[in-house]
>>> print(open('query.csv').read())   # CSV, C-alpha atoms
chain,number,residue,atom,x,y,z
F,1,GLN,CA,-8.2,12.8,-9.5
F,2,ILE,CA,-5.0,12.0,-7.7
F,3,GLN,CA,-2.5,10.1,-9.8
F,4,LEU,CA,-0.3,7.4,-8.2
F,5,VAL,CA,2.9,5.8,-9.5
F,6,GLU,CA,4.6,2.9,-7.7
F,7,SER,CA,8.3,2.1,-8.0
F,8,GLY,CA,10.9,0.0,-6.2
F,9,GLY,CA,9.8,-3.4,-7.2
F,10,GLY,CA,12.2,-6.1,-8.4
F,11,LEU,CA,13.6,-9.5,-7.9
F,12,VAL,CA,15.0,-10.4,-4.5
F,13,GLN,CA,16.0,-13.6,-2.7
F,14,ALA,CA,14.0,-14.9,0.2
F,15,GLY,CA,14.9,-13.2,3.4
F,16,GLY,CA,15.8,-10.0,1.5
F,17,SER,CA,14.2,-6.5,1.6
F,18,LEU,CA,12.7,-4.1,-0.7
F,19,ARG,CA,11.3,-0.6,-0.3
F,20,LEU,CA,8.4,0.4,-2.5
F,21,SER,CA,7.5,4.0,-3.1
F,22,CYS,CA,4.2,5.5,-4.3
F,23,ALA,CA,4.4,9.0,-5.6
F,24,ALA,CA,1.3,11.1,-5.9
F,25,SER,CA,0.6,13.9,-8.4
F,26,VAL,CA,-2.1,16.3,-9.5
F,27,ARG,CA,-3.7,16.1,-6.0
F,28,THR,CA,-2.2,15.8,-2.5
F,29,ILE,CA,-2.2,12.8,-0.3
F,30,ASN,CA,-2.8,15.1,2.7
F,31,GLY,CA,-6.2,14.3,4.2
F,32,ARG,CA,-6.3,10.9,2.5
F,33,ASP,CA,-6.1,7.4,3.9
F,34,MET,CA,-3.6,5.4,1.9
F,35,GLY,CA,-3.2,1.7,1.3
F,36,TRP,CA,-1.2,-1.0,-0.3
F,37,PHE,CA,-2.7,-4.1,-1.9
F,38,ARG,CA,-1.2,-6.9,-3.8
F,39,GLN,CA,-2.2,-9.5,-6.4
F,40,ALA,CA,-0.4,-12.7,-6.9
F,41,PRO,CA,-0.7,-14.7,-10.2
F,42,GLY,CA,-4.1,-16.5,-10.4
F,43,LYS,CA,-5.3,-14.9,-7.2
F,44,GLU,CA,-7.6,-12.0,-6.3
F,45,ARG,CA,-6.1,-8.7,-5.1
F,46,GLU,CA,-5.7,-8.6,-1.3
F,47,PHE,CA,-5.1,-6.0,1.3
F,48,VAL,CA,-1.6,-5.6,2.7
F,49,VAL,CA,-1.5,-2.4,4.8
F,50,ALA,CA,-3.1,1.0,5.2
F,51,ILE,CA,-2.2,4.2,7.0
F,52,THR,CA,-4.6,6.8,8.2
F,53,ALA,CA,-4.7,10.3,6.8
F,54,THR,CA,-3.0,11.7,9.9
F,55,GLY,CA,-0.4,9.0,9.8
F,56,GLY,CA,-1.4,8.1,13.4
F,57,ARG,CA,-2.3,4.5,12.8
F,58,THR,CA,-1.4,1.7,10.4
F,59,TYR,CA,-3.3,-1.5,9.8
F,60,TYR,CA,-1.6,-4.7,8.6
F,61,ALA,CA,-2.7,-7.9,7.1
F,62,GLU,CA,-1.7,-10.8,9.4
F,63,SER,CA,0.5,-12.3,6.8
F,64,VAL,CA,2.8,-9.3,6.8
F,65,LYS,CA,2.7,-8.1,10.4
F,66,GLY,CA,6.2,-7.7,11.9
F,67,ARG,CA,7.8,-7.8,8.4
F,68,PHE,CA,6.3,-4.9,6.5
F,69,THR,CA,6.1,-1.2,7.5
F,70,MET,CA,4.1,1.5,5.8
F,71,ASP,CA,4.8,5.2,6.3
F,72,ARG,CA,3.9,8.5,4.6
F,73,ASP,CA,5.7,11.7,3.8
F,74,ASN,CA,3.1,14.3,3.1
F,75,ALA,CA,5.6,17.0,2.3
F,76,ASN,CA,6.9,14.9,-0.6
F,77,ASN,CA,3.4,13.5,-1.5
F,78,THR,CA,4.7,9.9,-1.2
F,79,VAL,CA,4.0,6.8,0.8
F,80,TYR,CA,6.3,3.9,1.3
F,81,LEU,CA,6.3,0.2,2.0
F,82,GLN,CA,9.3,-1.3,3.6
F,83,MET,CA,9.3,-5.0,3.2
F,84,ASN,CA,11.7,-7.1,5.2
F,85,SER,CA,12.2,-10.9,5.6
F,86,LEU,CA,10.5,-11.4,2.2
F,87,LYS,CA,9.1,-14.8,1.4
F,88,PRO,CA,8.3,-16.4,-2.0
F,89,GLU,CA,4.6,-16.1,-1.1
F,90,ASP,CA,5.0,-12.3,-1.1
F,91,THR,CA,5.5,-12.5,-4.9
F,92,ALA,CA,2.8,-10.3,-6.4
F,93,VAL,CA,2.1,-7.0,-8.2
F,94,TYR,CA,1.8,-4.4,-5.5
F,95,PHE,CA,-0.7,-1.5,-5.9
F,96,CYS,CA,-0.9,1.8,-4.1
F,97,ALA,CA,-4.3,3.2,-3.4
F,98,ALA,CA,-5.7,6.5,-2.2
F,99,ALA,CA,-9.1,7.0,-0.4
F,100,PRO,CA,-11.2,10.1,-1.1
F,101,TRP,CA,-10.0,13.3,0.5
F,102,GLY,CA,-11.3,14.1,3.9
F,103,ARG,CA,-13.2,10.9,4.6
F,104,TYR,CA,-11.0,9.6,7.5
F,105,PHE,CA,-12.2,6.0,7.4
F,106,THR,CA,-12.1,3.7,10.4
F,107,GLY,CA,-9.8,0.7,10.5
F,108,SER,CA,-12.5,-1.7,9.5
F,109,ARG,CA,-13.0,0.1,6.2
F,110,LEU,CA,-9.3,0.5,5.3
F,111,ASN,CA,-8.9,-3.1,4.3
F,112,ARG,CA,-11.6,-3.0,1.7
F,113,GLN,CA,-10.8,-2.2,-2.0
F,114,ASN,CA,-13.9,-0.2,-2.5
F,115,THR,CA,-12.8,2.3,0.1
F,116,TYR,CA,-10.2,3.6,-2.3
F,117,ASP,CA,-11.0,5.6,-5.4
F,118,SER,CA,-7.6,6.0,-7.0
F,119,TRP,CA,-5.1,3.3,-7.8
F,120,GLY,CA,-1.6,3.1,-9.3
F,121,GLN,CA,-0.6,0.8,-12.1
F,122,GLY,CA,1.4,-1.5,-9.8
F,123,THR,CA,4.9,-2.7,-9.4
F,124,GLN,CA,6.1,-6.3,-9.6
F,125,VAL,CA,7.8,-7.9,-6.6
F,126,THR,CA,9.3,-11.3,-7.1
F,127,VAL,CA,10.8,-13.3,-4.3
F,128,SER,CA,12.9,-16.3,-5.2
F,129,SER,CA,13.5,-19.2,-2.9
>>> encode(input="query.csv", output="structure tokens")
Amino acid sequence: QIQLVESGGGLVQAGGSLRLSCAASVRTINGRDMGWFRQAPGKEREFVVAITATGGRTYYAESVKGRFTMDRDNANNTVYLQMNSLKPEDTAVYFCAAAPWGRYFTGSRLNRQNTYDSWGQGTQVTVSS
């Protein structure tokens, strides 16, 4: 089972930026679609962005398009989430997720939580107004 550890969360003012990292161990992220989800207080966990196993495509939730960017570094077994122009409504715990190896899901599956079989523990992002 791949293990995922997120880092980079913190407190930032509205309009600021943060870069989250998700470091994988035990297994490689090569050949796995990867995603970021978030959960705000009192709300259900929601999709943020996903990147295909090849890194060729990314899929963003409408709420973060143009502000967030996901990329992957297979050599370092890490994925990243660059978050710019942060808003108070971006406040949430952010989770990294890995899909099963070699499945190469289509875009319509990548925004679903049950596509992923490995999850990190999450990192808190708080955006003050």
>>> residues_around(input="query.csv", residues="F:Leu110", least_positions_apart="4", cutoff="10 Å", atoms="only C-alpha atoms", output="list in words")
Asp33, Met34, Gly35, Trp36, Phe47, Val49, Ala50, Ile51, Thr52, Thr58, Tyr59, Tyr60, Ala99, Tyr104, Phe105, Thr106, Asn114, Thr115 and Tyr116 of chain F
>>> closest_residue(input="query.csv", among="F:Arg103, F:Arg38, F:Arg72, F:Lys65", to="F:Thr91", atoms="only C-alpha atoms")
F:Arg38
>>> closest_residue(input="query.csv", among="F:Ala98, F:Val93, F:Ile2, F:Ala14", to="F:Glu46", atoms="all atoms listed in the file")
F:Val93
>>> atom_distance(input="query.csv", atom1="atom CA of F:Arg32", atom2="atom CA of F:Gly122")
19.1 Å
>>> residues_around(input="query.csv", residues="F:Ser129", least_positions_apart="4", cutoff="8 Å", atoms="all atoms listed in the file", output="PDB file with C-alpha atoms, keeping the file's coordinate frame")
ATOM      1  CA  GLN F  13      16.000 -13.600  -2.700  1.00  0.00           C
ATOM      2  CA  ALA F  14      14.000 -14.900   0.200  1.00  0.00           C
ATOM      3  CA  LYS F  87       9.100 -14.800   1.400  1.00  0.00           C
ATOM      4  CA  PRO F  88       8.300 -16.400  -2.000  1.00  0.00           C
TER       5      PRO F  88
END
